[in-house]
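Each remark here refers to the structure printed beneath this line.
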Amino acid sequence: MSLQLPRRAAGNRGVRRLVALPAVLIGILALAGCSSETTGEWKRLAMPDPVTEQGQSTLDLWRGAWIAALVTGVIVWGLIAWVVVKYRRRSDDEIPVQTRYNLPLEIFYTIAPVMMVIVFFAHTVRVQNIVLDEDAKPDQIVQVVGQQWSWTFNYPLPNGKFAYESGTASYIPTLVLPVGEITRFQLTSPDVIHDFGVPGFLIKMDVIPGRTNSFQVTPKRTGTFAGKCYELCGVYHSRMLFNVKIVSPADYDAYLQERVADGYVSDQPLLGGSDATTQAGLPTEGETE
């Protein structure tokens, strides 16, 4: 003899399973990411740890956007669950009320998205202004050239000349910056559009032929970080890598003196193309003129 549950009890059990499924999935994902290596990533919602003062504003915007999205999701999921429970069919003969429209609800779901877009836009513009703000007198300016297929970094010297570091197809250049000081990047390209970016900076910017773009950063801590070109610029795009080494101001000055002593100094900044050290006529890394 089989035991059959009343239709209403069976329906309640189905609703409970439907509501419990998202909670189970979220729990599984949370438990899968609880290692010590990923604790920081969970706190930053998969965003890199900012190494500059400007990057913190980008991280705050990212977190705020996720919080707003999750709050919106919880409200929508709650409304769906409430409608499923309250307006379900309770018996064979009872049909839920069929409403053609609900004016207050329609006004709400028209105005609410517009308000969300306005708020998101306002915070995005505010953070953009912070990230792209440039000090009238930065501590140093580095002229960055993205050329096929590497990077050249020009450091102005007090005597009007430029120390430089230039990569080749087999050598990944290193950009050296002083911690706690404002560095402005001036970005140029002699050939095609590239994109200069370092994940830890939480900003990247196009490097466009015939145009000079710029932004500045203030590193918060020392360390070595990876950078690359974020624009598909051609067949050897994957080779356009560089390293960023953030050091103390004293070590930064020593680095520039070392570049000069090794012969990596020019009267004019190297602008890539025929002026890049990847071409004949200028020394490559490990050689002097």
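Going through the structure tokens in order, the chains are called A, B, and so on, while each chain numbers its residues from 1 and the ligands are numbered from 1 in the order shown.
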Can you tell me, as a list in words, what residues are no more than 7 Å from A:Gln186 when counting only C-alpha atoms, ignoring any on the same chain fewer than 4 positions away?
Val142, Gln143, Val144, Thr212, Asn213 and Ser214 of chain A
So which residues touch A:Pro209 within 8 Å, counting only C-alpha atoms, skipping near sequence neighbours fewer than 4 positions away, as a list in words?
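These residues fall inside the cut-off: Thr188, Ser189, Pro190, Asp191, Val192 and Ile193 of chain A.
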Every residue of stretch 46-263 of chain A that DSSP places in strand (DSSP E), as a VMD selection string
chain A and resid 140 to 147 150 to 156 162 to 166 174 to 178 183 to 188 194 to 198 203 to 207 213 to 217 223 to 229 241 to 247
Find the spatial neighbours of A:Pro269, counting only C-alpha atoms, within a cut-off of 12 Å - ignore same-chain residues fewer than 2 positions away - and output them as an MDAnalysis selection string.
chainID A and resid 141:145 152:157 160:166 186 188 264:267 271:272 275:277
Using the selection just defined, write its residues with N, CA, C and O atoms as a short mmCIF file (atom, residue, chain, number, x, y, z; two decimals), in the first residue's frame.
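As a result, part_21.cif now contains:
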```
data_model
loop_
_atom_site.label_atom_id
_atom_site.label_comp_id
_atom_site.auth_asym_id
_atom_site.auth_seq_id
_atom_site.Cartn_x
_atom_site.Cartn_y
_atom_site.Cartn_z
N ILE A 141 58.94 61.89 -14.65
CA ILE A 141 58.17 61.53 -15.84
C ILE A 141 58.91 60.44 -16.59
O ILE A 141 60.13 60.57 -16.84
N VAL A 142 58.21 59.39 -16.94
CA VAL A 142 58.80 58.30 -17.72
C VAL A 142 58.09 58.25 -19.06
O VAL A 142 56.85 58.13 -19.11
N GLN A 143 58.84 58.37 -20.14
CA GLN A 143 58.26 58.29 -21.48
C GLN A 143 58.27 56.82 -21.92
O GLN A 143 59.33 56.23 -22.07
N VAL A 144 57.07 56.27 -22.09
CA VAL A 144 56.91 54.85 -22.42
C VAL A 144 56.56 54.74 -23.90
O VAL A 144 55.63 55.38 -24.38
N VAL A 145 57.33 53.93 -24.61
CA VAL A 145 57.09 53.71 -26.03
C VAL A 145 56.74 52.24 -26.24
O VAL A 145 57.49 51.35 -25.83
N THR A 152 60.00 50.44 -24.69
CA THR A 152 61.14 51.28 -24.38
C THR A 152 60.75 52.27 -23.30
O THR A 152 59.69 52.91 -23.39
N PHE A 153 61.58 52.40 -22.27
CA PHE A 153 61.32 53.31 -21.15
C PHE A 153 62.42 54.37 -21.13
O PHE A 153 63.61 54.04 -21.00
N ASN A 154 62.02 55.64 -21.26
CA ASN A 154 62.96 56.77 -21.24
C ASN A 154 62.82 57.54 -19.94
O ASN A 154 61.71 57.97 -19.58
N TYR A 155 63.96 57.72 -19.25
CA TYR A 155 63.98 58.42 -17.97
C TYR A 155 64.72 59.75 -18.15
O TYR A 155 65.94 59.76 -18.39
N PRO A 156 64.03 60.90 -18.04
CA PRO A 156 64.72 62.19 -18.14
C PRO A 156 65.75 62.36 -17.01
O PRO A 156 65.48 62.01 -15.86
N LEU A 157 66.91 62.90 -17.37
CA LEU A 157 67.99 63.13 -16.41
C LEU A 157 68.13 64.63 -16.14
O LEU A 157 67.70 65.46 -16.96
N GLY A 160 69.40 67.00 -18.93
CA GLY A 160 68.66 67.11 -20.18
C GLY A 160 68.70 65.88 -21.05
O GLY A 160 68.01 65.83 -22.08
N LYS A 161 69.53 64.91 -20.70
CA LYS A 161 69.60 63.68 -21.48
C LYS A 161 68.61 62.65 -20.92
O LYS A 161 67.87 62.92 -19.97
N PHE A 162 68.62 61.47 -21.52
CA PHE A 162 67.66 60.44 -21.14
C PHE A 162 68.37 59.10 -20.95
O PHE A 162 69.13 58.67 -21.83
N ALA A 163 68.16 58.49 -19.80
CA ALA A 163 68.55 57.10 -19.62
C ALA A 163 67.40 56.25 -20.15
O ALA A 163 66.24 56.64 -20.07
N TYR A 164 67.76 55.09 -20.70
CA TYR A 164 66.69 54.29 -21.29
C TYR A 164 66.89 52.81 -21.01
O TYR A 164 67.98 52.34 -20.68
N GLU A 165 65.79 52.10 -21.15
CA GLU A 165 65.74 50.64 -21.07
C GLU A 165 64.83 50.18 -22.20
O GLU A 165 63.68 50.63 -22.31
N SER A 166 65.33 49.30 -23.06
CA SER A 166 64.55 48.88 -24.21
C SER A 166 64.59 47.37 -24.33
O SER A 166 65.64 46.75 -24.22
N GLN A 186 54.11 59.00 -19.97
CA GLN A 186 53.72 59.57 -21.25
C GLN A 186 53.85 58.46 -22.29
O GLN A 186 54.94 57.95 -22.53
N THR A 188 53.52 56.72 -26.00
CA THR A 188 53.54 56.95 -27.44
C THR A 188 53.84 55.64 -28.17
O THR A 188 54.35 54.69 -27.56
N TYR A 264 73.67 53.39 -21.46
CA TYR A 264 72.29 53.47 -21.93
C TYR A 264 71.75 54.87 -21.69
O TYR A 264 70.89 55.10 -20.84
N VAL A 265 72.29 55.84 -22.44
CA VAL A 265 71.94 57.23 -22.31
C VAL A 265 71.87 57.84 -23.71
O VAL A 265 72.63 57.46 -24.60
N SER A 266 70.93 58.74 -23.91
CA SER A 266 70.72 59.33 -25.22
C SER A 266 70.39 60.81 -25.07
O SER A 266 69.87 61.23 -24.03
N ASP A 267 70.73 61.60 -26.11
CA ASP A 267 70.41 63.02 -26.08
C ASP A 267 68.92 63.26 -26.23
O ASP A 267 68.40 64.28 -25.77
N LEU A 271 62.13 56.80 -29.46
CA LEU A 271 60.71 56.82 -29.77
C LEU A 271 60.25 55.58 -30.52
O LEU A 271 59.18 55.57 -31.13
N GLY A 272 61.04 54.52 -30.48
CA GLY A 272 60.65 53.29 -31.15
C GLY A 272 60.95 53.35 -32.63
O GLY A 272 61.55 54.30 -33.14
N ASP A 275 64.41 54.25 -34.08
CA ASP A 275 65.18 54.70 -32.92
C ASP A 275 65.26 53.65 -31.82
O ASP A 275 65.96 53.83 -30.82
N ALA A 276 64.49 52.57 -31.93
CA ALA A 276 64.46 51.58 -30.87
C ALA A 276 65.73 50.75 -30.87
O ALA A 276 66.38 50.56 -31.90
N THR A 277 66.12 50.24 -29.71
CA THR A 277 67.33 49.42 -29.63
C THR A 277 67.13 48.05 -30.26
O THR A 277 68.07 47.28 -30.35
#
```
For the interface of stretch 33-129 of chain A with stretch 220-240 of chain A (cut-off 10 Å, counting only C-alpha atoms), please tabulate each contacting residue of stretch 33-129 of chain A alongside its nearest pair of atoms and their separation in Å to one decimal, rows sorted by chain and increasing number, as JSON lines.
```
{"residue": "A:Pro50", "atom": "CA", "partner": "A:Lys220", "partner_atom": "CA", "distance": 8.6}
{"residue": "A:Val51", "atom": "CA", "partner": "A:Lys220", "partner_atom": "CA", "distance": 5.6}
{"residue": "A:Thr52", "atom": "CA", "partner": "A:Lys220", "partner_atom": "CA", "distance": 5.2}
{"residue": "A:Glu53", "atom": "CA", "partner": "A:Lys220", "partner_atom": "CA", "distance": 6.3}
{"residue": "A:Gln54", "atom": "CA", "partner": "A:Lys220", "partner_atom": "CA", "distance": 9.7}
{"residue": "A:Gly55", "atom": "CA", "partner": "A:Lys220", "partner_atom": "CA", "distance": 10.0}
```
Pull all heavy atoms from the residues just selected and write them as an mmCIF file, in the first residue's frame.
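In the end it all went to selection31.cif:
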```cif
data_model
loop_
_atom_site.group_PDB
_atom_site.id
_atom_site.type_symbol
_atom_site.label_atom_id
_atom_site.label_comp_id
_atom_site.auth_asym_id
_atom_site.auth_seq_id
_atom_site.Cartn_x
_atom_site.Cartn_y
_atom_site.Cartn_z
ATOM 1 N N PRO A 50 45.833 46.229 -5.179
ATOM 2 C CA PRO A 50 46.393 47.469 -5.720
ATOM 3 C C PRO A 50 47.725 47.825 -5.072
ATOM 4 O O PRO A 50 47.866 47.771 -3.852
ATOM 5 C CB PRO A 50 45.317 48.517 -5.402
ATOM 6 C CG PRO A 50 44.556 47.952 -4.246
ATOM 7 C CD PRO A 50 44.585 46.462 -4.419
ATOM 8 N N VAL A 51 48.692 48.188 -5.903
ATOM 9 C CA VAL A 51 50.010 48.584 -5.402
ATOM 10 C C VAL A 51 50.207 50.091 -5.511
ATOM 11 O O VAL A 51 51.279 50.598 -5.182
ATOM 12 C CB VAL A 51 51.132 47.846 -6.172
ATOM 13 C CG1 VAL A 51 50.989 46.348 -5.992
ATOM 14 C CG2 VAL A 51 51.110 48.210 -7.649
ATOM 15 N N THR A 52 49.165 50.805 -5.970
ATOM 16 C CA THR A 52 49.255 52.258 -6.074
ATOM 17 C C THR A 52 48.100 52.900 -5.312
ATOM 18 O O THR A 52 47.063 52.267 -5.071
ATOM 19 C CB THR A 52 49.191 52.718 -7.545
ATOM 20 O OG1 THR A 52 47.905 52.397 -8.092
ATOM 21 C CG2 THR A 52 50.265 52.036 -8.373
ATOM 22 N N GLU A 53 48.276 54.168 -4.948
ATOM 23 C CA GLU A 53 47.219 54.888 -4.252
ATOM 24 C C GLU A 53 45.988 55.052 -5.142
ATOM 25 O O GLU A 53 44.850 54.953 -4.667
ATOM 26 C CB GLU A 53 47.740 56.262 -3.815
ATOM 27 C CG GLU A 53 48.844 56.200 -2.763
ATOM 28 C CD GLU A 53 49.337 57.570 -2.359
ATOM 29 O OE1 GLU A 53 48.782 58.570 -2.873
ATOM 30 O OE2 GLU A 53 50.276 57.663 -1.538
ATOM 31 N N GLN A 54 46.192 55.275 -6.439
ATOM 32 C CA GLN A 54 45.074 55.450 -7.352
ATOM 33 C C GLN A 54 44.287 54.146 -7.526
ATOM 34 O O GLN A 54 43.070 54.168 -7.709
ATOM 35 C CB GLN A 54 45.578 55.931 -8.717
ATOM 36 C CG GLN A 54 46.174 57.329 -8.719
ATOM 37 C CD GLN A 54 47.604 57.392 -8.202
ATOM 38 O OE1 GLN A 54 48.189 56.369 -7.837
ATOM 39 N NE2 GLN A 54 48.161 58.586 -8.167
ATOM 40 N N GLY A 55 44.968 53.009 -7.473
ATOM 41 C CA GLY A 55 44.307 51.736 -7.667
ATOM 42 C C GLY A 55 43.299 51.403 -6.579
ATOM 43 O O GLY A 55 42.349 50.652 -6.822
#
```
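Inside stretch 193-259 of chain A, the residues DSSP reads as alpha helix (DSSP H) when given the backbone are A:Pro249, A:Ala250, A:Asp251, A:Tyr252, A:Asp253, A:Ala254, A:Tyr255, A:Leu256, A:Gln257, A:Glu258, A:Arg259.
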Within 10 Å of stretch 198-205 of chain A: each stretch 239-259 of chain A residue with its shortest pair, only C-alpha atoms, as CSV:
```
residue,atom,partner,partner_atom,distance
A:Phe242,CA,A:Val198,CA,9.1
A:Asn243,CA,A:Val198,CA,8.8
A:Val244,CA,A:Val198,CA,8.1
```
Straight-line distance linking atom CA of A:Leu241 with atom CA of A:Arg44, stated in Å to one decimal:
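Atom-to-atom, atom CA of A:Leu241 and atom CA of A:Arg44 are spaced 25.1 Å apart.
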